[in-house]
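Coordinates as given in protein-v8.json (JSON, C-alpha atoms):
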```json
[["chain", "number", "residue", "atom", "x", "y", "z"],
["A", 1176, "MET", "CA", 8.22, -8.67, 5.98],
["A", 1177, "ALA", "CA", 7.66, -12.21, 4.86],
["A", 1178, "ALA", "CA", 10.04, -13.40, 7.54],
["A", 1179, "GLY", "CA", 7.69, -12.15, 10.20],
["A", 1180, "LYS", "CA", 4.53, -13.55, 8.67],
["A", 1181, "LEU", "CA", 6.01, -16.96, 7.96],
["A", 1182, "ASP", "CA", 7.99, -16.98, 11.21],
["A", 1183, "LYS", "CA", 11.22, -17.65, 9.37],
["A", 1184, "PRO", "CA", 14.40, -16.48, 11.08],
["A", 1185, "LEU", "CA", 14.98, -12.78, 10.48],
["A", 1186, "PRO", "CA", 18.20, -11.41, 9.00],
["A", 1187, "ALA", "CA", 20.68, -10.66, 11.80],
["A", 1188, "ALA", "CA", 20.41, -6.86, 11.60],
["A", 1189, "SER", "CA", 16.58, -6.93, 11.64],
["A", 1190, "MET", "CA", 16.53, -9.36, 14.56],
["A", 1191, "HIS", "CA", 18.91, -7.25, 16.63],
["A", 1192, "LEU", "CA", 16.95, -4.06, 15.96],
["A", 1193, "LEU", "CA", 13.61, -5.67, 16.83],
["A", 1194, "LEU", "CA", 15.08, -7.11, 20.04],
["A", 1195, "ALA", "CA", 16.53, -3.69, 20.88],
["A", 1196, "LEU", "CA", 13.09, -2.14, 20.40],
["A", 1197, "LEU", "CA", 11.54, -4.63, 22.85],
["A", 1198, "GLY", "CA", 13.10, -2.35, 25.46],
["A", 1199, "GLY", "CA", 10.92, 0.56, 24.26],
["A", 1200, "GLU", "CA", 11.03, 3.19, 21.56],
["A", 1201, "ASN", "CA", 14.36, 4.66, 20.63],
["A", 1202, "HIS", "CA", 16.08, 6.75, 17.96],
["A", 1203, "GLY", "CA", 18.45, 5.44, 15.30],
["A", 1204, "TYR", "CA", 21.72, 6.08, 17.08],
["A", 1205, "GLY", "CA", 20.27, 4.82, 20.39],
["A", 1206, "LEU", "CA", 19.29, 1.59, 18.63],
["A", 1207, "MET", "CA", 22.77, 1.25, 17.20],
["A", 1208, "ARG", "CA", 24.22, 1.56, 20.70],
["A", 1209, "SER", "CA", 21.67, -0.89, 22.13],
["A", 1210, "VAL", "CA", 22.57, -3.51, 19.51],
["A", 1211, "ASP", "CA", 26.24, -2.98, 20.28],
["A", 1212, "GLU", "CA", 25.58, -3.50, 23.99],
["A", 1213, "GLN", "CA", 23.15, -6.42, 23.72],
["A", 1214, "SER", "CA", 25.58, -8.29, 21.44],
["A", 1215, "GLN", "CA", 28.50, -7.34, 23.69],
["A", 1216, "GLY", "CA", 30.24, -5.62, 20.79],
["A", 1217, "ALA", "CA", 29.85, -8.56, 18.38],
["A", 1218, "VAL", "CA", 27.38, -6.69, 16.13],
["A", 1219, "ARG", "CA", 28.45, -3.19, 15.18],
["A", 1220, "MET", "CA", 26.28, -1.66, 12.52],
["A", 1221, "GLY", "CA", 27.22, 1.20, 10.27],
["A", 1222, "PRO", "CA", 24.73, 3.98, 9.48],
["A", 1223, "GLY", "CA", 23.81, 2.44, 6.10],
["A", 1224, "THR", "CA", 22.97, -0.93, 7.62],
["A", 1225, "LEU", "CA", 21.03, 0.75, 10.42],
["A", 1226, "TYR", "CA", 18.80, 2.93, 8.24],
["A", 1227, "GLY", "CA", 18.54, 0.35, 5.45],
["A", 1228, "THR", "CA", 17.22, -2.17, 7.97],
["A", 1229, "LEU", "CA", 14.93, 0.37, 9.67],
["A", 1230, "ASN", "CA", 13.55, 1.27, 6.25],
["A", 1231, "ARG", "CA", 12.74, -2.38, 5.51],
["A", 1232, "LEU", "CA", 11.18, -2.87, 8.96],
["A", 1233, "LEU", "CA", 9.04, 0.23, 8.38],
["A", 1234, "ALA", "CA", 7.99, -1.03, 4.95],
["A", 1235, "SER", "CA", 7.00, -4.39, 6.44],
["A", 1236, "LYS", "CA", 5.09, -2.61, 9.25],
["A", 1237, "LEU", "CA", 7.06, -4.27, 12.03],
["A", 1238, "ILE", "CA", 8.00, -0.84, 13.37],
["A", 1239, "VAL", "CA", 6.55, 2.67, 13.13],
["A", 1240, "GLU", "CA", 8.13, 6.07, 13.35],
["A", 1241, "THR", "CA", 7.03, 7.99, 16.44],
["A", 1242, "THR", "CA", 9.00, 11.19, 15.98],
["A", 1243, "ASP", "CA", 5.85, 13.32, 15.86],
["A", 1244, "GLU", "CA", 4.73, 12.05, 19.29],
["A", 1245, "HIS", "CA", 7.74, 13.62, 20.99],
["A", 1246, "ASP", "CA", 7.39, 16.95, 22.75],
["A", 1247, "ASP", "CA", 10.81, 17.98, 21.52],
["A", 1248, "ALA", "CA", 10.03, 17.02, 17.93],
["A", 1249, "GLY", "CA", 10.54, 20.63, 16.88],
["A", 1250, "THR", "CA", 14.08, 20.83, 18.20],
["A", 1251, "ASP", "CA", 15.28, 17.23, 18.15],
["A", 1252, "ARG", "CA", 16.16, 16.18, 14.59],
["A", 1253, "ARG", "CA", 16.36, 12.49, 15.44],
["A", 1254, "ARG", "CA", 13.69, 10.04, 14.36],
["A", 1255, "TYR", "CA", 12.19, 7.72, 16.92],
["A", 1256, "TYR", "CA", 10.86, 4.23, 16.27],
["A", 1257, "ARG", "CA", 8.80, 1.68, 18.16],
["A", 1258, "LEU", "CA", 7.51, -1.82, 17.53],
["A", 1259, "THR", "CA", 4.04, -2.41, 16.11],
["A", 1260, "GLY", "CA", 1.90, -5.24, 17.51],
["A", 1261, "GLU", "CA", 3.12, -7.51, 14.71],
["A", 1262, "GLY", "CA", 6.71, -6.35, 15.26],
["A", 1263, "GLU", "CA", 6.48, -7.25, 18.96],
["A", 1264, "ARG", "CA", 5.05, -10.67, 18.10],
["A", 1265, "VAL", "CA", 7.87, -11.32, 15.61],
["A", 1266, "ALA", "CA", 10.48, -10.14, 18.13],
["A", 1267, "ARG", "CA", 9.08, -12.51, 20.77],
["A", 1268, "VAL", "CA", 9.00, -15.42, 18.30],
["A", 1269, "GLU", "CA", 12.64, -14.66, 17.52],
["A", 1270, "LEU", "CA", 13.49, -14.53, 21.22],
["A", 1271, "THR", "CA", 11.76, -17.87, 21.81],
["A", 1272, "ARG", "CA", 13.70, -19.38, 18.92],
["A", 1273, "LEU", "CA", 17.00, -18.18, 20.35],
["A", 1274, "ARG", "CA", 16.11, -19.48, 23.82],
["A", 1275, "SER", "CA", 15.18, -22.92, 22.49],
["A", 1276, "LEU", "CA", 18.41, -23.00, 20.48],
["A", 1277, "VAL", "CA", 20.42, -22.25, 23.61],
["A", 1278, "ARG", "CA", 18.49, -24.89, 25.58],
["A", 1279, "ARG", "CA", 19.05, -27.46, 22.86],
["A", 1280, "PHE", "CA", 22.80, -26.96, 22.78],
["A", 1281, "ARG", "CA", 23.31, -26.43, 26.51],
["A", 1282, "GLY", "CA", 24.82, -29.91, 26.89],
["A", 1283, "ILE", "CA", 27.35, -29.48, 24.09],
["A", 1284, "PRO", "CA", 30.87, -28.80, 25.40],
["A", 1285, "GLU", "CA", 32.37, -25.49, 24.40],
["A", 1286, "ILE", "CA", 35.20, -25.65, 21.92],
["A", 1287, "GLY", "CA", 38.35, -26.33, 23.91],
["A", 1288, "GLY", "CA", 36.38, -26.33, 27.16],
["A", 1289, "ALA", "CA", 34.66, -28.75, 29.48],
["A", 1290, "PRO", "CA", 31.00, -29.80, 29.08],
["A", 1291, "ALA", "CA", 28.58, -27.40, 30.77],
["B", 648, "MET", "CA", 41.29, 14.38, 10.32],
["B", 649, "THR", "CA", 38.93, 16.70, 12.21],
["B", 650, "GLY", "CA", 35.33, 15.76, 12.91],
["B", 651, "GLY", "CA", 33.99, 18.43, 10.57],
["B", 652, "VAL", "CA", 36.11, 17.24, 7.64],
["B", 653, "SER", "CA", 35.16, 13.61, 8.30],
["B", 654, "VAL", "CA", 31.47, 14.49, 8.38],
["B", 655, "GLY", "CA", 31.83, 16.49, 5.15],
["B", 656, "ILE", "CA", 33.52, 13.57, 3.41],
["B", 657, "TYR", "CA", 30.92, 11.11, 4.70],
["B", 658, "ARG", "CA", 28.11, 13.39, 3.50],
["B", 659, "ARG", "CA", 29.62, 13.28, 0.01],
["B", 660, "LEU", "CA", 30.00, 9.51, 0.17],
["B", 661, "ALA", "CA", 26.35, 9.17, 1.23],
["B", 662, "ALA", "CA", 25.47, 10.58, -2.20],
["B", 663, "LEU", "CA", 26.34, 7.13, -3.56],
["B", 664, "TYR", "CA", 23.05, 5.77, -2.20],
["B", 665, "PRO", "CA", 20.06, 5.74, -4.57],
["B", 666, "LYS", "CA", 18.04, 8.95, -4.66],
["B", 667, "THR", "CA", 14.96, 7.70, -2.80],
["B", 668, "PHE", "CA", 17.04, 6.34, 0.08],
["B", 669, "ARG", "CA", 19.30, 9.39, 0.08],
["B", 670, "ASP", "CA", 16.40, 11.85, 0.13],
["B", 671, "GLU", "CA", 14.85, 10.03, 3.06],
["B", 672, "TYR", "CA", 17.87, 9.19, 5.19],
["B", 673, "ARG", "CA", 20.90, 11.26, 4.20],
["B", 674, "ASP", "CA", 20.64, 13.61, 7.19],
["B", 675, "ASP", "CA", 20.12, 10.67, 9.54],
["B", 676, "LEU", "CA", 23.12, 8.81, 8.09],
["B", 677, "VAL", "CA", 25.36, 11.85, 8.51],
["B", 678, "ASP", "CA", 23.98, 12.63, 11.97],
["B", 679, "THR", "CA", 24.59, 9.05, 13.14],
["B", 680, "PHE", "CA", 28.11, 9.12, 11.69],
["B", 681, "ALA", "CA", 28.81, 12.41, 13.51],
["B", 682, "ARG", "CA", 27.55, 10.95, 16.80],
["B", 683, "GLN", "CA", 29.75, 7.90, 16.31],
["B", 684, "LEU", "CA", 32.76, 10.17, 15.74],
["B", 685, "ARG", "CA", 31.94, 12.00, 18.95],
["B", 686, "ASP", "CA", 31.75, 8.76, 20.99],
["B", 687, "GLU", "CA", 34.43, 6.60, 19.36],
["B", 688, "GLY", "CA", 37.83, 6.90, 17.71],
["B", 689, "THR", "CA", 37.96, 8.41, 14.21],
["B", 690, "GLY", "CA", 39.90, 5.49, 12.69],
["B", 691, "ARG", "CA", 37.52, 2.85, 14.01],
["B", 692, "VAL", "CA", 34.44, 4.79, 12.91],
["B", 693, "TRP", "CA", 35.84, 5.32, 9.41],
["B", 694, "LEU", "CA", 36.79, 1.65, 9.08],
["B", 695, "ARG", "CA", 33.24, 0.63, 9.98],
["B", 696, "ALA", "CA", 31.71, 3.30, 7.75],
["B", 697, "ILE", "CA", 33.73, 2.24, 4.69],
["B", 698, "ARG", "CA", 32.86, -1.42, 5.25],
["B", 699, "ASP", "CA", 29.23, -0.39, 5.67],
["B", 700, "LEU", "CA", 29.21, 1.70, 2.47],
["B", 701, "ILE", "CA", 30.82, -1.10, 0.45],
["B", 702, "VAL", "CA", 28.08, -3.50, 1.52],
["B", 703, "THR", "CA", 25.01, -1.27, 1.70],
["B", 704, "VAL", "CA", 25.37, 1.04, -1.35],
["B", 705, "PRO", "CA", 25.15, -1.82, -3.92],
["B", 706, "ALA", "CA", 22.41, -3.49, -1.83],
["B", 707, "GLN", "CA", 20.32, -0.31, -1.71],
["B", 708, "ARG", "CA", 20.87, 0.36, -5.42],
["B", 709, "LEU", "CA", 19.76, -3.17, -6.30],
["B", 710, "GLU", "CA", 16.74, -2.92, -4.01],
["B", 711, "ALA", "CA", 15.72, 0.45, -5.49],
["B", 712, "HIS", "CA", 16.13, -0.85, -9.03],
["B", 713, "MET", "CA", 14.09, -3.99, -8.37],
["B", 714, "ASN", "CA", 11.29, -2.11, -6.60],
["B", 715, "ARG", "CA", 11.06, 0.52, -9.30],
["B", 716, "SER", "CA", 11.15, -1.85, -12.27],
["B", 717, "SER", "CA", 8.57, -4.30, -10.90],
["B", 718, "THR", "CA", 6.02, -1.70, -9.77],
["B", 719, "HIS", "CA", 6.44, 0.38, -12.92],
["B", 720, "THR", "CA", 6.03, -2.72, -15.07],
["B", 721, "VAL", "CA", 2.75, -3.57, -13.34],
["B", 722, "ALA", "CA", 1.55, 0.04, -13.68],
["B", 723, "ILE", "CA", 2.41, 0.24, -17.38],
["B", 724, "ALA", "CA", 0.89, -3.20, -18.11],
["B", 725, "ALA", "CA", -2.34, -2.34, -16.25],
["B", 726, "LEU", "CA", -2.52, 1.06, -17.95],
["B", 727, "SER", "CA", -2.08, -0.55, -21.39],
["B", 728, "ILE", "CA", -4.86, -3.05, -20.64],
["B", 729, "GLY", "CA", -7.07, -0.22, -19.35],
["B", 730, "VAL", "CA", -6.53, 1.87, -22.47],
["B", 731, "GLY", "CA", -7.01, -1.08, -24.81],
["B", 732, "VAL", "CA", -10.23, -2.20, -23.15],
["B", 733, "THR", "CA", -11.54, 1.39, -23.03],
["B", 734, "ALA", "CA", -10.96, 1.63, -26.78],
["B", 735, "LEU", "CA", -12.83, -1.66, -27.23],
["B", 736, "ALA", "CA", -15.69, -0.31, -25.11],
["B", 737, "VAL", "CA", -15.90, 2.82, -27.26],
["B", 738, "LEU", "CA", -15.74, 0.87, -30.52],
["B", 739, "SER", "CA", -18.25, -1.80, -29.44],
["B", 740, "GLY", "CA", -21.12, 0.68, -29.26],
["B", 741, "SER", "CA", -23.71, 0.77, -26.47],
["B", 742, "GLY", "CA", -24.52, -2.94, -25.95],
["B", 743, "PRO", "CA", -23.86, -4.98, -22.79],
["B", 744, "ALA", "CA", -20.35, -5.81, -24.06],
["B", 745, "ALA", "CA", -19.43, -2.13, -23.82],
["B", 746, "TRP", "CA", -20.36, -2.06, -20.14],
["B", 747, "ILE", "CA", -18.30, -5.19, -19.44],
["B", 748, "PHE", "CA", -15.35, -3.64, -21.28],
["B", 749, "LEU", "CA", -15.79, -0.45, -19.29],
["B", 750, "LEU", "CA", -15.83, -2.33, -15.98],
["B", 751, "VAL", "CA", -12.64, -4.20, -16.92],
["B", 752, "ALA", "CA", -11.07, -0.91, -18.01],
["B", 753, "VAL", "CA", -11.93, 0.79, -14.69],
["B", 754, "ALA", "CA", -10.48, -2.17, -12.75],
["B", 755, "ALA", "CA", -7.28, -2.08, -14.83],
["B", 756, "LEU", "CA", -6.94, 1.68, -14.35],
["B", 757, "VAL", "CA", -7.40, 1.32, -10.57],
["B", 758, "VAL", "CA", -4.62, -1.31, -10.53],
["B", 759, "ALA", "CA", -2.46, 1.03, -12.63],
["B", 760, "ALA", "CA", -3.10, 3.93, -10.24],
["B", 761, "LEU", "CA", -2.22, 1.84, -7.17],
["B", 762, "SER", "CA", 0.94, 0.47, -8.81],
["B", 763, "TRP", "CA", 1.96, 3.95, -9.90],
["B", 764, "ARG", "CA", 1.48, 5.18, -6.37],
["B", 765, "ALA", "CA", 3.62, 2.33, -5.01],
["B", 766, "ALA", "CA", 6.36, 3.14, -7.51],
["B", 767, "ARG", "CA", 6.40, 6.81, -6.59],
["B", 768, "PRO", "CA", 9.29, 7.90, -4.38],
["B", 769, "VAL", "CA", 8.30, 8.81, -0.81],
["B", 770, "GLN", "CA", 9.50, 12.34, -1.36],
["B", 771, "GLY", "CA", 9.33, 14.09, -4.67],
["B", 772, "ASP", "CA", 8.46, 17.33, -6.31],
["B", 773, "PRO", "CA", 4.70, 17.59, -5.85],
["B", 774, "ARG", "CA", 4.42, 20.57, -8.17],
["B", 775, "GLY", "CA", 6.17, 18.62, -10.93],
["B", 776, "ALA", "CA", 3.83, 15.66, -10.44],
["B", 777, "THR", "CA", 0.75, 17.91, -10.61],
["B", 778, "THR", "CA", 1.93, 19.60, -13.79],
["B", 779, "SER", "CA", 2.75, 16.28, -15.36],
["B", 780, "TRP", "CA", -0.66, 14.59, -14.86],
["B", 781, "LYS", "CA", -2.57, 17.75, -15.77],
["B", 782, "LYS", "CA", -0.59, 18.03, -19.02],
["B", 783, "PHE", "CA", -1.63, 14.48, -19.94],
["B", 784, "VAL", "CA", -5.30, 15.18, -19.17],
["B", 785, "VAL", "CA", -5.34, 18.48, -21.09],
["B", 786, "ALA", "CA", -3.54, 16.93, -24.08],
["B", 787, "GLY", "CA", -5.96, 13.97, -24.07],
["B", 788, "ALA", "CA", -9.03, 16.23, -23.81],
["B", 789, "VAL", "CA", -7.82, 18.51, -26.62],
["B", 790, "LEU", "CA", -7.05, 15.56, -28.89],
["B", 791, "LEU", "CA", -10.41, 13.92, -28.08],
["B", 792, "GLY", "CA", -12.27, 17.17, -28.72],
["B", 793, "THR", "CA", -10.44, 17.71, -32.00],
["B", 794, "THR", "CA", -11.14, 14.14, -33.12],
["B", 795, "ILE", "CA", -14.85, 14.35, -32.29],
["B", 796, "ALA", "CA", -15.08, 17.74, -33.98],
["B", 797, "GLY", "CA", -13.22, 16.35, -37.00],
["B", 798, "ILE", "CA", -15.69, 13.49, -37.37],
["B", 799, "ASN", "CA", -18.70, 15.76, -37.02],
["B", 800, "ILE", "CA", -17.86, 18.70, -39.25],
["B", 801, "PRO", "CA", -18.98, 18.83, -42.89],
["B", 802, "PRO", "CA", -18.42, 17.20, -45.33],
["B", 803, "TRP", "CA", -17.87, 14.03, -43.20],
["B", 804, "ASP", "CA", -20.61, 14.53, -40.60],
["B", 805, "ASN", "CA", -22.91, 12.10, -42.47],
["B", 806, "GLY", "CA", -20.51, 9.19, -41.89],
["B", 807, "ASP", "CA", -18.77, 9.35, -45.29],
["B", 808, "LEU", "CA", -15.28, 9.50, -43.84],
["B", 809, "PRO", "CA", -12.66, 8.34, -46.39],
["B", 810, "GLY", "CA", -10.95, 5.01, -45.49],
["B", 811, "GLN", "CA", -7.51, 6.45, -44.69],
["B", 812, "LEU", "CA", -8.94, 9.32, -42.68],
["B", 813, "TRP", "CA", -11.12, 6.90, -40.74],
["B", 814, "GLY", "CA", -7.95, 5.04, -39.64],
["B", 815, "VAL", "CA", -6.30, 8.31, -38.59],
["B", 816, "MET", "CA", -9.39, 9.32, -36.61],
["B", 817, "MET", "CA", -9.52, 5.95, -34.82],
["B", 818, "LEU", "CA", -5.80, 6.19, -34.01],
["B", 819, "SER", "CA", -6.34, 9.71, -32.72],
["B", 820, "LEU", "CA", -9.30, 8.52, -30.63],
["B", 821, "VAL", "CA", -7.28, 5.72, -29.02],
["B", 822, "ALA", "CA", -4.32, 8.08, -28.42],
["B", 823, "SER", "CA", -6.58, 10.65, -26.74],
["B", 824, "ILE", "CA", -8.10, 7.95, -24.49],
["B", 825, "ALA", "CA", -4.57, 6.75, -23.66],
["B", 826, "LEU", "CA", -3.48, 10.27, -22.70],
["B", 827, "LEU", "CA", -6.60, 10.86, -20.61],
["B", 828, "ALA", "CA", -6.26, 7.48, -18.87],
["B", 829, "ALA", "CA", -2.55, 8.00, -18.16],
["B", 830, "GLY", "CA", -3.18, 11.51, -16.79],
["B", 831, "LEU", "CA", -6.13, 10.44, -14.64],
["B", 832, "THR", "CA", -4.19, 7.41, -13.37],
["B", 833, "MET", "CA", -1.30, 9.63, -12.31],
["B", 834, "GLY", "CA", -3.71, 12.15, -10.80],
["B", 835, "VAL", "CA", -5.59, 9.51, -8.81],
["B", 836, "ALA", "CA", -2.30, 7.96, -7.69],
["B", 837, "ARG", "CA", -1.19, 11.38, -6.52],
["B", 838, "GLY", "CA", -4.52, 12.03, -4.78],
["B", 839, "PHE", "CA", -4.14, 8.88, -2.73],
["B", 840, "GLY", "CA", -0.41, 9.50, -2.39],
["B", 841, "ARG", "CA", 1.66, 8.84, 0.65],
["B", 842, "GLN", "CA", 1.86, 11.20, 3.60],
["B", 843, "PRO", "CA", 4.81, 13.47, 2.98],
["B", 844, "HIS", "CA", 7.57, 13.03, 5.49],
["B", 845, "ARG", "CA", 7.76, 15.53, 8.32],
["B", 846, "PRO", "CA", 10.43, 18.07, 7.43],
["B", 847, "LYS", "CA", 13.28, 18.30, 9.88],
["B", 848, "SER", "CA", 13.75, 21.48, 11.76],
["B", 849, "ALA", "CA", 17.49, 21.48, 12.28]]
```
Can the structure from this file be put into structure tokens for me?
Amino acid sequence: MAAGKLDKPLPAASMHLLLALLGGENHGYGLMRSVDEQSQGAVRMGPGTLYGTLNRLLASKLIVETTDEHDDAGTDRRRYYRLTGEGERVARVELTRLRSLVRRFRGIPEIGGAPA
Amino acid sequence: MTGGVSVGIYRRLAALYPKTFRDEYRDDLVDTFARQLRDEGTGRVWLRAIRDLIVTVPAQRLEAHMNRSSTHTVAIAALSIGVGVTALAVLSGSGPAAWIFLLVAVAALVVAALSWRAARPVQGDPRGATTSWKKFVVAGAVLLGTTIAGINIPPWDNGDLPGQLWGVMMLSLVASIALLAAGLTMGVARGFGRQPHRPKSA
């Protein structure tokens, strides 16, 4: 994906999925749950968004499918995914960007609240 | 609404996605939807699924259309150049220009093969693809053989081909090269085709 190569911010769904995969390989529904948890319920993907985004991440080689590496691949119908080296780099760049954004705005008072 | 009915309805709605996406992910979409139903309330899951379908179906259709049209355009353009330059190579005799034309033609046909491969859906009917490229090659070979035989049989084997017939023969020659090139391009693209997706067991 051009976003990864040029280090431009990723679309929200891609960013959340890459960050979820930093925790290790997972299957589609597991990733959906991880995104839900890591965003504290703010990002709730539907199946179409999930697989559409995974498809784009696969096409841009930021993730790979690892279903065949599972012992239970014959009985478990779910597909598993993990980050590639480039995917991990992009995820870490994204994480650094978010951290620096938080640092930059740490001194701004919350709306209706006192300064931090 | 029971889970089974909901899943059945969602499966039908998933048919709205473009074929390539549907072929690849329909079972996963339905499976994920079923798991959501199991873990969350039916109303909430449906609300999210409908919102998701409204946004992602047009997006996927647009994406599929754009991918297909751009890669097919490149393939067709490269194939046309390849055929045209091959015809020039044949018509220009055996000098150095013919070899340059042939090199350009091979490069154009390689580009056409790669573009065709990129435009191919991940999953398809491999038997259909095989039949299709073989038909092109056979048709091209038959037409080429007929044309060459036509030029070389009496009374025209001494080069006294009438003007109109000469035009027909040249047209036939170019058409046969086009058929052969198209067939071989599709065959090569298929030979270097993508790894078929692992079939699911359940």
Exercise. Which distance in Å separates atom CA of Trp780 of chain B and atom CA of Gly830 of chain B, to one decimal?
Worked result: 4.4 Å
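Checking A:Leu1197, A:Met1190, A:Arg1253, A:Pro1184 one by one against chain B, counting all atoms listed in the file, you find the shortest gap at A:Arg1253.
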Exercise. What are the residues of chain B that have an atom within 10 Å of an atom of chain A, counting all atoms listed in the file, as number ranges by chain?
Worked result: B: 661, 664, 668, 671-680, 682-683, 692-704, 706-707, 845-849
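In this structure, atom CA of Gly814 of chain B sits 19.4 Å away from atom CA of Ala788 of chain B.
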Problem set entry | Shell of 7 Å around Ala1195 of chain A, only C-alpha atoms, local chain residues under 6 positions omitted, as a ChimeraX atom specification | /A:1206,1209-1210
Could you write out the selected residues, including C-alpha atoms, as a CSV table (one decimal), in the coordinates of the input?
```
chain,number,residue,atom,x,y,z
A,1206,LEU,CA,19.3,1.6,18.6
A,1209,SER,CA,21.7,-0.9,22.1
A,1210,VAL,CA,22.6,-3.5,19.5
```
Exercise. Ser1189 of chain A: which residues within 9 Å, counting all atoms listed in the file, same-chain residues fewer than 6 positions away excluded, as an MDAnalysis selection string?
Worked result: chainID A and resid 1225 1228:1229 1231:1232
Hey, could you pull the box centre and edge lengths for segment 816-820 of chain B, axis-aligned, 6 Å padding per side, all listed atoms, to one decimal in Å, as AutoDock Vina command-line options?
```
--center_x -7.7 --center_y 7.8 --center_z -33.6 --size_x 15.7 --size_y 15.8 --size_z 18.0
```
Problem set entry | Pairwise distance for atom CA of Leu827 of chain B and atom CA of Gly729 of chain B, rounded to one decimal in Å |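 Atom CA of Gly729 of chain B lies 11.2 Å from atom CA of Leu827 of chain B.
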Exercise. Do you know which residues are at most 8 Å from Ala725 of chain B counting all atoms listed in the file, after dropping those on the same chain fewer than 6 positions away, and could you put them as a list in words?
Worked result: Ala755, Leu756, Val758 and Ala759 of chain B
Problem set entry | Near-Arg1272 of chain A list (12 Å; all atoms listed in the file; drop same-chain fewer than 4 positions) as a PyMOL selection string | chain A and resi 1182-1185+1190+1265-1268+1276-1279
Problem set entry | Which residue of B:Ala744, B:Leu709, B:Leu726, B:Val721 approaches Ile824 of chain B most closely, using all atoms listed in the file |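 Selected residue with least distance to Ile824 of chain B: B:Leu726.
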Problem set entry | Nearest to Arg708 of chain B by atom-to-atom distance, counting all atoms listed in the file, from B:Thr794, B:Thr667, B:Thr720, B:Asn799 | B:Thr667
For this session: Could you tell me which of B:Val821, B:Gly787, B:Asp670, B:Ala829 comes closest to Val737 of chain B if we count all atoms listed in the file?
Result: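 Under the stated criterion, the closest residue is B:Val821.
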For this session: Pick out the closest residue to Lys781 of chain B from this set: B:Gly690, B:Gly834, B:Gly797, B:Pro743. Count only C-alpha atoms.
Result: B:Gly834
